[in-house]
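Raw query-v6.pdb, PDB, C-alpha atoms:
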ATOM      1  CA  MET M   1     -54.693-147.077 -19.500  1.00  0.00           C
ATOM      2  CA  LEU M   2     -56.727-145.018 -17.058  1.00  0.00           C
ATOM      3  CA  ARG M   3     -59.784-147.176 -17.612  1.00  0.00           C
ATOM      4  CA  THR M   4     -57.867-150.348 -16.745  1.00  0.00           C
ATOM      5  CA  ALA M   5     -56.270-148.737 -13.695  1.00  0.00           C
ATOM      6  CA  LEU M   6     -59.516-147.467 -12.188  1.00  0.00           C
ATOM      7  CA  PRO M   7     -60.953-150.910 -11.306  1.00  0.00           C
ATOM      8  CA  GLY M   8     -57.679-151.842  -9.621  1.00  0.00           C
ATOM      9  CA  ILE M   9     -57.668-148.616  -7.618  1.00  0.00           C
ATOM     10  CA  ALA M  10     -61.296-149.122  -6.623  1.00  0.00           C
ATOM     11  CA  LEU M  11     -60.570-152.687  -5.521  1.00  0.00           C
ATOM     12  CA  ALA M  12     -57.588-151.538  -3.471  1.00  0.00           C
ATOM     13  CA  VAL M  13     -59.644-148.814  -1.774  1.00  0.00           C
ATOM     14  CA  ALA M  14     -62.430-151.292  -1.011  1.00  0.00           C
ATOM     15  CA  GLY M  15     -59.910-153.773   0.387  1.00  0.00           C
ATOM     16  CA  TYR M  16     -58.333-151.097   2.558  1.00  0.00           C
ATOM     17  CA  ALA M  17     -61.732-150.003   3.885  1.00  0.00           C
ATOM     18  CA  CYS M  18     -62.711-153.589   4.638  1.00  0.00           C
ATOM     19  CA  ALA M  19     -59.444-154.302   6.433  1.00  0.00           C
ATOM     20  CA  SER M  20     -59.762-151.074   8.398  1.00  0.00           C
ATOM     21  CA  TRP M  21     -63.280-151.999   9.528  1.00  0.00           C
ATOM     22  CA  LEU M  22     -62.367-155.569  10.439  1.00  0.00           C
ATOM     23  CA  THR M  23     -59.302-154.504  12.431  1.00  0.00           C
ATOM     24  CA  HIS M  24     -60.785-151.408  14.097  1.00  0.00           C
ATOM     25  CA  ASP M  25     -58.595-149.044  12.061  1.00  0.00           C
ATOM     26  CA  PHE M  26     -55.748-151.578  12.055  1.00  0.00           C
ATOM     27  CA  GLN M  27     -55.519-151.754  15.861  1.00  0.00           C
ATOM     28  CA  VAL M  28     -56.113-155.520  15.940  1.00  0.00           C
ATOM     29  CA  TRP M  29     -55.571-158.415  13.565  1.00  0.00           C
ATOM     30  CA  THR M  30     -57.215-161.345  15.347  1.00  0.00           C
ATOM     31  CA  ALA M  31     -60.705-162.163  16.597  1.00  0.00           C
ATOM     32  CA  GLU M  32     -59.390-162.294  20.170  1.00  0.00           C
ATOM     33  CA  GLY M  33     -57.729-158.912  19.734  1.00  0.00           C
ATOM     34  CA  ALA M  34     -60.984-157.482  18.387  1.00  0.00           C
ATOM     35  CA  ARG M  35     -62.867-158.939  21.372  1.00  0.00           C
ATOM     36  CA  ARG M  36     -60.510-157.271  23.815  1.00  0.00           C
ATOM     37  CA  LEU M  37     -60.620-153.921  22.079  1.00  0.00           C
ATOM     38  CA  GLU M  38     -64.423-153.977  21.921  1.00  0.00           C
ATOM     39  CA  VAL M  39     -64.643-154.675  25.658  1.00  0.00           C
ATOM     40  CA  ALA M  40     -62.199-151.877  26.471  1.00  0.00           C
ATOM     41  CA  LEU M  41     -64.217-149.431  24.358  1.00  0.00           C
ATOM     42  CA  ALA M  42     -67.662-150.623  25.460  1.00  0.00           C
ATOM     43  CA  PRO M  43     -67.817-152.555  28.771  1.00  0.00           C
ATOM     44  CA  VAL M  44     -70.175-155.538  28.801  1.00  0.00           C
ATOM     45  CA  ALA M  45     -72.736-155.820  31.584  1.00  0.00           C
ATOM     46  CA  VAL M  46     -73.188-159.187  33.261  1.00  0.00           C
ATOM     47  CA  PRO M  47     -76.442-160.689  31.962  1.00  0.00           C
ATOM     48  CA  ALA M  48     -79.283-161.835  34.198  1.00  0.00           C
ATOM     49  CA  VAL M  49     -77.907-165.262  35.128  1.00  0.00           C
ATOM     50  CA  ASN M  50     -78.047-167.106  38.428  1.00  0.00           C
ATOM     51  CA  ILE M  51     -75.220-168.796  40.301  1.00  0.00           C
ATOM     52  CA  ASP M  52     -74.588-170.894  43.349  1.00  0.00           C
ATOM     53  CA  GLY M  53     -71.424-172.299  44.823  1.00  0.00           C
ATOM     54  CA  LEU M  54     -69.209-172.797  47.805  1.00  0.00           C
ATOM     55  CA  GLY M  55     -70.670-170.614  50.556  1.00  0.00           C
ATOM     56  CA  ILE M  56     -72.726-168.649  48.015  1.00  0.00           C
ATOM     57  CA  PRO M  57     -76.491-169.197  48.085  1.00  0.00           C
ATOM     58  CA  ALA M  58     -78.420-169.121  44.819  1.00  0.00           C
ATOM     59  CA  GLN M  59     -78.560-165.557  43.555  1.00  0.00           C
ATOM     60  CA  ALA M  60     -78.019-163.364  40.511  1.00  0.00           C
ATOM     61  CA  LEU M  61     -74.384-163.152  39.466  1.00  0.00           C
ATOM     62  CA  ARG M  62     -74.816-159.436  38.817  1.00  0.00           C
ATOM     63  CA  GLN M  63     -76.085-158.934  42.358  1.00  0.00           C
ATOM     64  CA  TRP M  64     -73.102-160.756  43.853  1.00  0.00           C
ATOM     65  CA  LEU M  65     -70.576-158.794  41.793  1.00  0.00           C
ATOM     66  CA  ALA M  66     -72.060-155.303  41.859  1.00  0.00           C
ATOM     67  CA  ASP M  67     -71.404-154.324  45.449  1.00  0.00           C
ATOM     68  CA  GLY M  68     -70.121-150.875  44.443  1.00  0.00           C
ATOM     69  CA  GLN M  69     -66.685-151.606  45.915  1.00  0.00           C
ATOM     70  CA  SER M  70     -65.073-154.809  44.681  1.00  0.00           C
ATOM     71  CA  VAL M  71     -63.262-155.398  41.420  1.00  0.00           C
ATOM     72  CA  THR M  72     -63.311-159.049  40.375  1.00  0.00           C
ATOM     73  CA  LEU M  73     -60.877-161.101  38.319  1.00  0.00           C
ATOM     74  CA  VAL M  74     -62.806-163.897  36.615  1.00  0.00           C
ATOM     75  CA  ASP M  75     -61.753-167.052  34.812  1.00  0.00           C
ATOM     76  CA  PHE M  76     -63.840-169.856  33.290  1.00  0.00           C
ATOM     77  CA  VAL M  77     -62.925-173.429  34.197  1.00  0.00           C
ATOM     78  CA  TYR M  78     -64.274-176.920  34.795  1.00  0.00           C
ATOM     79  CA  THR M  79     -63.023-179.175  37.564  1.00  0.00           C
ATOM     80  CA  ARG M  80     -62.239-182.234  35.407  1.00  0.00           C
ATOM     81  CA  CYS M  81     -59.835-180.226  33.230  1.00  0.00           C
ATOM     82  CA  GLN M  82     -56.216-181.426  33.364  1.00  0.00           C
ATOM     83  CA  THR M  83     -54.650-178.799  31.103  1.00  0.00           C
ATOM     84  CA  VAL M  84     -55.615-175.133  30.765  1.00  0.00           C
ATOM     85  CA  CYS M  85     -57.574-174.984  34.013  1.00  0.00           C
ATOM     86  CA  LEU M  86     -54.596-176.248  36.020  1.00  0.00           C
ATOM     87  CA  ALA M  87     -52.507-173.416  34.604  1.00  0.00           C
ATOM     88  CA  LEU M  88     -55.257-170.922  35.429  1.00  0.00           C
ATOM     89  CA  GLY M  89     -55.452-172.358  38.936  1.00  0.00           C
ATOM     90  CA  SER M  90     -51.722-171.826  39.366  1.00  0.00           C
ATOM     91  CA  SER M  91     -52.079-168.223  38.192  1.00  0.00           C
ATOM     92  CA  TYR M  92     -54.880-167.648  40.672  1.00  0.00           C
ATOM     93  CA  GLN M  93     -52.852-169.167  43.489  1.00  0.00           C
ATOM     94  CA  GLN M  94     -50.076-166.698  42.748  1.00  0.00           C
ATOM     95  CA  MET M  95     -52.479-163.755  42.584  1.00  0.00           C
ATOM     96  CA  GLN M  96     -54.098-164.885  45.819  1.00  0.00           C
ATOM     97  CA  SER M  97     -50.704-164.852  47.507  1.00  0.00           C
ATOM     98  CA  VAL M  98     -49.983-161.346  46.229  1.00  0.00           C
ATOM     99  CA  LEU M  99     -53.360-160.053  47.420  1.00  0.00           C
ATOM    100  CA  GLN M 100     -52.975-161.662  50.843  1.00  0.00           C
ATOM    101  CA  THR M 101     -49.663-159.890  51.338  1.00  0.00           C
ATOM    102  CA  ALA M 102     -50.621-156.578  49.761  1.00  0.00           C
ATOM    103  CA  GLY M 103     -53.939-156.487  51.570  1.00  0.00           C
ATOM    104  CA  LYS M 104     -52.172-155.997  54.886  1.00  0.00           C
ATOM    105  CA  THR M 105     -51.254-152.454  53.916  1.00  0.00           C
ATOM    106  CA  ASP M 106     -53.138-151.632  50.708  1.00  0.00           C
ATOM    107  CA  LEU M 107     -56.856-150.880  50.844  1.00  0.00           C
ATOM    108  CA  ALA M 108     -57.221-151.317  47.060  1.00  0.00           C
ATOM    109  CA  ALA M 109     -55.804-154.843  47.254  1.00  0.00           C
ATOM    110  CA  ARG M 110     -58.483-155.726  49.822  1.00  0.00           C
ATOM    111  CA  LYS M 111     -61.122-154.728  47.270  1.00  0.00           C
ATOM    112  CA  VAL M 112     -59.970-157.208  44.612  1.00  0.00           C
ATOM    113  CA  LYS M 113     -61.731-160.586  44.470  1.00  0.00           C
ATOM    114  CA  LEU M 114     -60.950-163.730  42.489  1.00  0.00           C
ATOM    115  CA  LEU M 115     -63.780-165.721  40.969  1.00  0.00           C
ATOM    116  CA  SER M 116     -63.645-169.000  39.067  1.00  0.00           C
ATOM    117  CA  ILE M 117     -66.836-169.811  37.156  1.00  0.00           C
ATOM    118  CA  SER M 118     -67.464-173.376  36.059  1.00  0.00           C
ATOM    119  CA  PHE M 119     -69.147-173.800  32.690  1.00  0.00           C
ATOM    120  CA  ASP M 120     -69.772-177.502  33.492  1.00  0.00           C
ATOM    121  CA  GLY M 121     -72.581-176.810  35.922  1.00  0.00           C
ATOM    122  CA  GLU M 122     -74.221-180.226  35.627  1.00  0.00           C
ATOM    123  CA  HIS M 123     -71.113-181.907  37.034  1.00  0.00           C
ATOM    124  CA  ASP M 124     -69.551-179.131  39.094  1.00  0.00           C
ATOM    125  CA  ASN M 125     -72.111-178.812  41.871  1.00  0.00           C
ATOM    126  CA  PRO M 126     -71.206-176.896  45.072  1.00  0.00           C
ATOM    127  CA  GLN M 127     -69.753-180.009  46.712  1.00  0.00           C
ATOM    128  CA  VAL M 128     -67.481-180.700  43.744  1.00  0.00           C
ATOM    129  CA  LEU M 129     -66.441-177.048  43.667  1.00  0.00           C
ATOM    130  CA  GLN M 130     -65.676-177.199  47.388  1.00  0.00           C
ATOM    131  CA  ALA M 131     -63.325-180.132  46.901  1.00  0.00           C
ATOM    132  CA  TYR M 132     -61.703-178.408  43.923  1.00  0.00           C
ATOM    133  CA  ALA M 133     -61.166-175.212  45.922  1.00  0.00           C
ATOM    134  CA  ALA M 134     -59.587-177.217  48.738  1.00  0.00           C
ATOM    135  CA  ARG M 135     -57.118-178.831  46.331  1.00  0.00           C
ATOM    136  CA  LEU M 136     -56.062-175.361  45.186  1.00  0.00           C
ATOM    137  CA  ASN M 137     -55.825-174.020  48.755  1.00  0.00           C
ATOM    138  CA  ALA M 138     -58.242-171.242  47.839  1.00  0.00           C
ATOM    139  CA  ASP M 139     -58.864-168.662  50.558  1.00  0.00           C
ATOM    140  CA  PRO M 140     -62.657-168.127  50.613  1.00  0.00           C
ATOM    141  CA  LEU M 141     -62.110-164.526  51.696  1.00  0.00           C
ATOM    142  CA  LEU M 142     -60.442-163.876  48.337  1.00  0.00           C
ATOM    143  CA  TRP M 143     -61.178-166.645  45.867  1.00  0.00           C
ATOM    144  CA  ARG M 144     -64.612-168.126  45.281  1.00  0.00           C
ATOM    145  CA  PHE M 145     -65.980-170.824  42.970  1.00  0.00           C
ATOM    146  CA  VAL M 146     -69.433-170.784  41.418  1.00  0.00           C
ATOM    147  CA  ARG M 147     -71.458-172.453  38.681  1.00  0.00           C
ATOM    148  CA  MET M 148     -74.707-171.714  36.870  1.00  0.00           C
ATOM    149  CA  PRO M 149     -77.183-174.530  37.586  1.00  0.00           C
ATOM    150  CA  ASP M 150     -79.208-173.655  34.478  1.00  0.00           C
ATOM    151  CA  THR M 151     -77.397-174.513  31.243  1.00  0.00           C
ATOM    152  CA  ARG M 152     -79.265-171.702  29.502  1.00  0.00           C
ATOM    153  CA  ASP M 153     -77.632-169.224  31.878  1.00  0.00           C
ATOM    154  CA  THR M 154     -74.258-170.780  31.145  1.00  0.00           C
ATOM    155  CA  ARG M 155     -74.747-170.355  27.403  1.00  0.00           C
ATOM    156  CA  GLN M 156     -75.916-166.760  27.892  1.00  0.00           C
ATOM    157  CA  LEU M 157     -72.904-165.714  29.950  1.00  0.00           C
ATOM    158  CA  LEU M 158     -70.422-167.440  27.647  1.00  0.00           C
ATOM    159  CA  ALA M 159     -72.013-165.781  24.620  1.00  0.00           C
ATOM    160  CA  ASP M 160     -72.069-162.292  26.151  1.00  0.00           C
ATOM    161  CA  PHE M 161     -68.437-162.557  27.246  1.00  0.00           C
ATOM    162  CA  GLN M 162     -67.430-164.318  24.003  1.00  0.00           C
ATOM    163  CA  VAL M 163     -65.891-167.246  25.861  1.00  0.00           C
ATOM    164  CA  VAL M 164     -65.440-170.191  23.499  1.00  0.00           C
ATOM    165  CA  VAL M 165     -66.241-173.619  24.960  1.00  0.00           C
ATOM    166  CA  VAL M 166     -66.390-176.649  22.653  1.00  0.00           C
ATOM    167  CA  PRO M 167     -67.132-180.220  23.883  1.00  0.00           C
ATOM    168  CA  ASP M 168     -64.495-182.633  22.591  1.00  0.00           C
ATOM    169  CA  GLY M 169     -66.852-185.623  22.540  1.00  0.00           C
ATOM    170  CA  ARG M 170     -64.996-187.390  25.362  1.00  0.00           C
ATOM    171  CA  GLY M 171     -66.474-185.502  28.305  1.00  0.00           C
ATOM    172  CA  ASP M 172     -63.906-182.722  28.204  1.00  0.00           C
ATOM    173  CA  PHE M 173     -63.903-179.274  26.612  1.00  0.00           C
ATOM    174  CA  GLU M 174     -61.684-177.088  24.498  1.00  0.00           C
ATOM    175  CA  HIS M 175     -61.882-173.492  25.694  1.00  0.00           C
ATOM    176  CA  ASN M 176     -60.002-170.228  25.573  1.00  0.00           C
ATOM    177  CA  ALA M 177     -58.166-169.073  28.677  1.00  0.00           C
ATOM    178  CA  ALA M 178     -58.088-165.461  29.759  1.00  0.00           C
ATOM    179  CA  LEU M 179     -58.322-163.239  32.813  1.00  0.00           C
ATOM    180  CA  LEU M 180     -61.421-161.052  32.784  1.00  0.00           C
ATOM    181  CA  VAL M 181     -61.655-157.906  34.908  1.00  0.00           C
ATOM    182  CA  LEU M 182     -65.119-156.869  36.091  1.00  0.00           C
ATOM    183  CA  ASP M 183     -65.648-153.500  37.723  1.00  0.00           C
ATOM    184  CA  GLN M 184     -67.650-152.490  40.805  1.00  0.00           C
ATOM    185  CA  ASN M 185     -70.822-152.328  38.694  1.00  0.00           C
ATOM    186  CA  ALA M 186     -70.527-155.898  37.337  1.00  0.00           C
ATOM    187  CA  ARG M 187     -69.279-154.866  33.899  1.00  0.00           C
ATOM    188  CA  LEU M 188     -66.565-156.657  31.959  1.00  0.00           C
ATOM    189  CA  VAL M 189     -64.037-153.886  31.307  1.00  0.00           C
ATOM    190  CA  ARG M 190     -60.768-155.607  30.326  1.00  0.00           C
ATOM    191  CA  ILE M 191     -59.474-158.971  29.139  1.00  0.00           C
ATOM    192  CA  PHE M 192     -55.879-160.096  29.641  1.00  0.00           C
ATOM    193  CA  ASP M 193     -53.845-163.093  28.518  1.00  0.00           C
ATOM    194  CA  GLN M 194     -53.270-165.680  31.201  1.00  0.00           C
ATOM    195  CA  ALA M 195     -49.547-164.971  30.885  1.00  0.00           C
ATOM    196  CA  ASP M 196     -50.218-161.326  31.809  1.00  0.00           C
ATOM    197  CA  GLN M 197     -51.506-162.124  35.275  1.00  0.00           C
ATOM    198  CA  GLN M 198     -49.426-159.423  36.951  1.00  0.00           C
ATOM    199  CA  LEU M 199     -50.663-156.832  34.478  1.00  0.00           C
ATOM    200  CA  ALA M 200     -54.250-157.960  35.068  1.00  0.00           C
ATOM    201  CA  LEU M 201     -53.800-157.821  38.828  1.00  0.00           C
ATOM    202  CA  ASP M 202     -52.189-154.372  38.696  1.00  0.00           C
ATOM    203  CA  TYR M 203     -55.060-153.110  36.563  1.00  0.00           C
ATOM    204  CA  ALA M 204     -57.635-154.560  38.964  1.00  0.00           C
ATOM    205  CA  ARG M 205     -55.931-152.968  41.957  1.00  0.00           C
ATOM    206  CA  ASP M 206     -55.753-149.622  40.196  1.00  0.00           C
ATOM    207  CA  LEU M 207     -59.435-149.834  39.259  1.00  0.00           C
ATOM    208  CA  ALA M 208     -60.335-150.751  42.841  1.00  0.00           C
ATOM    209  CA  SER M 209     -58.580-147.617  44.050  1.00  0.00           C
ATOM    210  CA  ARG M 210     -60.867-145.374  41.966  1.00  0.00           C
ATOM    211  CA  PRO M 211     -64.453-144.351  42.757  1.00  0.00           C
ATOM    212  CA  PRO M 212     -66.961-146.478  40.802  1.00  0.00           C
ATOM    213  CA  SER M 213     -67.927-144.884  37.494  1.00  0.00           C
TER     214      SER M 213
END

Could you rewrite the structure in this file as C-alpha cells?
Amino acid sequence: MLRTALPGIALAVAGYACASWLTHDFQVWTAEGARRLEVALAPVAVPAVNIDGLGIPAQALRQWLADGQSVTLVDFVYTRCQTVCLALGSSYQQMQSVLQTAGKTDLAARKVKLLSISFDGEHDNPQVLQAYAARLNADPLLWRFVRMPDTRDTRQLLADFQVVVVPDGRGDFEHNAALLVLDQNARLVRIFDQADQQLALDYARDLASRPPS
C-alpha cells in the first residue's frame, strides 16, 4: 500500500513545485500576470534603441526618457489600426485632460508625460505621426509620438518589454494593449491594463512626486 502511494505523493509534490514556480508562488496564473509581476519585482531598463518623431530629433530613447524628473506612460500603437489603438488613443486623451487640469496646481502632474510608440516604423514616419497626433488633439507639451526607424530596434524594444505584435498578413497587426509606466531613469516599473488608466495615472503621479531611486 505504501509503495503504491509513494509515487502518487511524489508526483503531487512535483506538480505543486512546478505550479509554484510557474506562478511565482501562486501569485499569478497567466503569462501576462507573470510579465507584470516580473517587471514590478525587477524593473526593465530601456535598451539602446533610437527614435525619432514629431518634434523629436533622432536620438536614443533612453536619453529622451531618463531626464531624472519625468515619469512616462507608454503605449505601443500603429497609425493604421482601427481597433485597439483607437481605444488606447481615447484613454490617452482622457489622461491628457486630467494632467492638463491637475498640472495647474500639482507639481507631480507636470512631471508625467505620455508617449505613444509606433511599432510600424516603416510606415509611421514623423509626418504620418504628426497627422495622427493632430487627429487625436494631442498636446505636444504632454503627449508625444515616436517610432524606431530601424526595425531591429523595434524588435529589441518589443522583446525586452514583452510586447506581442503579430502581423495578420493583411497589413495590420494583432498586439496586446497595456499602459506601461517608466520611471525617471528610463526603467519599465509597472504595467497596467488599459481599463485601469486611472490607476496607472495615479501611480505615475505618485512616482513623479518621489525622488528618483

_Can you spell out as a ChimeraX atom specification the set of residues that the PyMOL selection byres ((chain M and resi 78) around 9) selects in the structure I just provided?_
/M:76-77,79-81,85,117-121,123-124,172-173

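Taking all atoms listed in the file into account, M:Thr72 lies nearest to M:Leu115 out of the set M:Val166, M:Leu157, M:Leu115, M:Leu141.
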
field: Nearest residue to M:Val49 from the set M:Gln130, M:Asn125, M:Thr151, M:Gln198 (distances using only C-alpha atoms)
entry: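 Residue with the minimum atom-to-atom distance to M:Val49: M:Thr151.
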
Using the chain letters and numbers from the file, which residues does the PyMOL selection byres ((chain M and resi 74) around 12) grab, as a PyMOL selection string?
-> chain M and resi 46+61+65+71-73+75-77+88-89+91-92+95+112-118+142-146+161+163+177-183+186-192+194+197+200-201+204

Just to be explicit: take each residue in the selection above, keep C-alpha atoms, and write the result as a PDB file, in the coordinates of the input.
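Output file result.pdb follows:
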ATOM      1  CA  VAL M  46     -73.188-159.187  33.261  1.00  0.00           C
ATOM      2  CA  LEU M  61     -74.384-163.152  39.466  1.00  0.00           C
ATOM      3  CA  LEU M  65     -70.576-158.794  41.793  1.00  0.00           C
ATOM      4  CA  VAL M  71     -63.262-155.398  41.420  1.00  0.00           C
ATOM      5  CA  THR M  72     -63.311-159.049  40.375  1.00  0.00           C
ATOM      6  CA  LEU M  73     -60.877-161.101  38.319  1.00  0.00           C
ATOM      7  CA  ASP M  75     -61.753-167.052  34.812  1.00  0.00           C
ATOM      8  CA  PHE M  76     -63.840-169.856  33.290  1.00  0.00           C
ATOM      9  CA  VAL M  77     -62.925-173.429  34.197  1.00  0.00           C
ATOM     10  CA  LEU M  88     -55.257-170.922  35.429  1.00  0.00           C
ATOM     11  CA  GLY M  89     -55.452-172.358  38.936  1.00  0.00           C
ATOM     12  CA  SER M  91     -52.079-168.223  38.192  1.00  0.00           C
ATOM     13  CA  TYR M  92     -54.880-167.648  40.672  1.00  0.00           C
ATOM     14  CA  MET M  95     -52.479-163.755  42.584  1.00  0.00           C
ATOM     15  CA  VAL M 112     -59.970-157.208  44.612  1.00  0.00           C
ATOM     16  CA  LYS M 113     -61.731-160.586  44.470  1.00  0.00           C
ATOM     17  CA  LEU M 114     -60.950-163.730  42.489  1.00  0.00           C
ATOM     18  CA  LEU M 115     -63.780-165.721  40.969  1.00  0.00           C
ATOM     19  CA  SER M 116     -63.645-169.000  39.067  1.00  0.00           C
ATOM     20  CA  ILE M 117     -66.836-169.811  37.156  1.00  0.00           C
ATOM     21  CA  SER M 118     -67.464-173.376  36.059  1.00  0.00           C
ATOM     22  CA  LEU M 142     -60.442-163.876  48.337  1.00  0.00           C
ATOM     23  CA  TRP M 143     -61.178-166.645  45.867  1.00  0.00           C
ATOM     24  CA  ARG M 144     -64.612-168.126  45.281  1.00  0.00           C
ATOM     25  CA  PHE M 145     -65.980-170.824  42.970  1.00  0.00           C
ATOM     26  CA  VAL M 146     -69.433-170.784  41.418  1.00  0.00           C
ATOM     27  CA  PHE M 161     -68.437-162.557  27.246  1.00  0.00           C
ATOM     28  CA  VAL M 163     -65.891-167.246  25.861  1.00  0.00           C
ATOM     29  CA  ALA M 177     -58.166-169.073  28.677  1.00  0.00           C
ATOM     30  CA  ALA M 178     -58.088-165.461  29.759  1.00  0.00           C
ATOM     31  CA  LEU M 179     -58.322-163.239  32.813  1.00  0.00           C
ATOM     32  CA  LEU M 180     -61.421-161.052  32.784  1.00  0.00           C
ATOM     33  CA  VAL M 181     -61.655-157.906  34.908  1.00  0.00           C
ATOM     34  CA  LEU M 182     -65.119-156.869  36.091  1.00  0.00           C
ATOM     35  CA  ASP M 183     -65.648-153.500  37.723  1.00  0.00           C
ATOM     36  CA  ALA M 186     -70.527-155.898  37.337  1.00  0.00           C
ATOM     37  CA  ARG M 187     -69.279-154.866  33.899  1.00  0.00           C
ATOM     38  CA  LEU M 188     -66.565-156.657  31.959  1.00  0.00           C
ATOM     39  CA  VAL M 189     -64.037-153.886  31.307  1.00  0.00           C
ATOM     40  CA  ARG M 190     -60.768-155.607  30.326  1.00  0.00           C
ATOM     41  CA  ILE M 191     -59.474-158.971  29.139  1.00  0.00           C
ATOM     42  CA  PHE M 192     -55.879-160.096  29.641  1.00  0.00           C
ATOM     43  CA  GLN M 194     -53.270-165.680  31.201  1.00  0.00           C
ATOM     44  CA  GLN M 197     -51.506-162.124  35.275  1.00  0.00           C
ATOM     45  CA  ALA M 200     -54.250-157.960  35.068  1.00  0.00           C
ATOM     46  CA  LEU M 201     -53.800-157.821  38.828  1.00  0.00           C
ATOM     47  CA  ALA M 204     -57.635-154.560  38.964  1.00  0.00           C
TER      48      ALA M 204
END

ask   = Taking the file as shown, what set of residues would the PyMOL selection byres ((chain M and resi 135-137) around 10) give back, as number ranges by chain?
value = M: 86, 89-90, 92-93, 96, 129-134, 138-140, 143

Expressed in Å, the length from atom CA of M:Ala42 to atom CA of M:Asn185 is 13.7 Å

Review point. Any idea what the distance is between atom CA of M:Ala87 and atom CA of M:Ala102?
Key: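 Between these atoms lies a distance of 22.7 Å.
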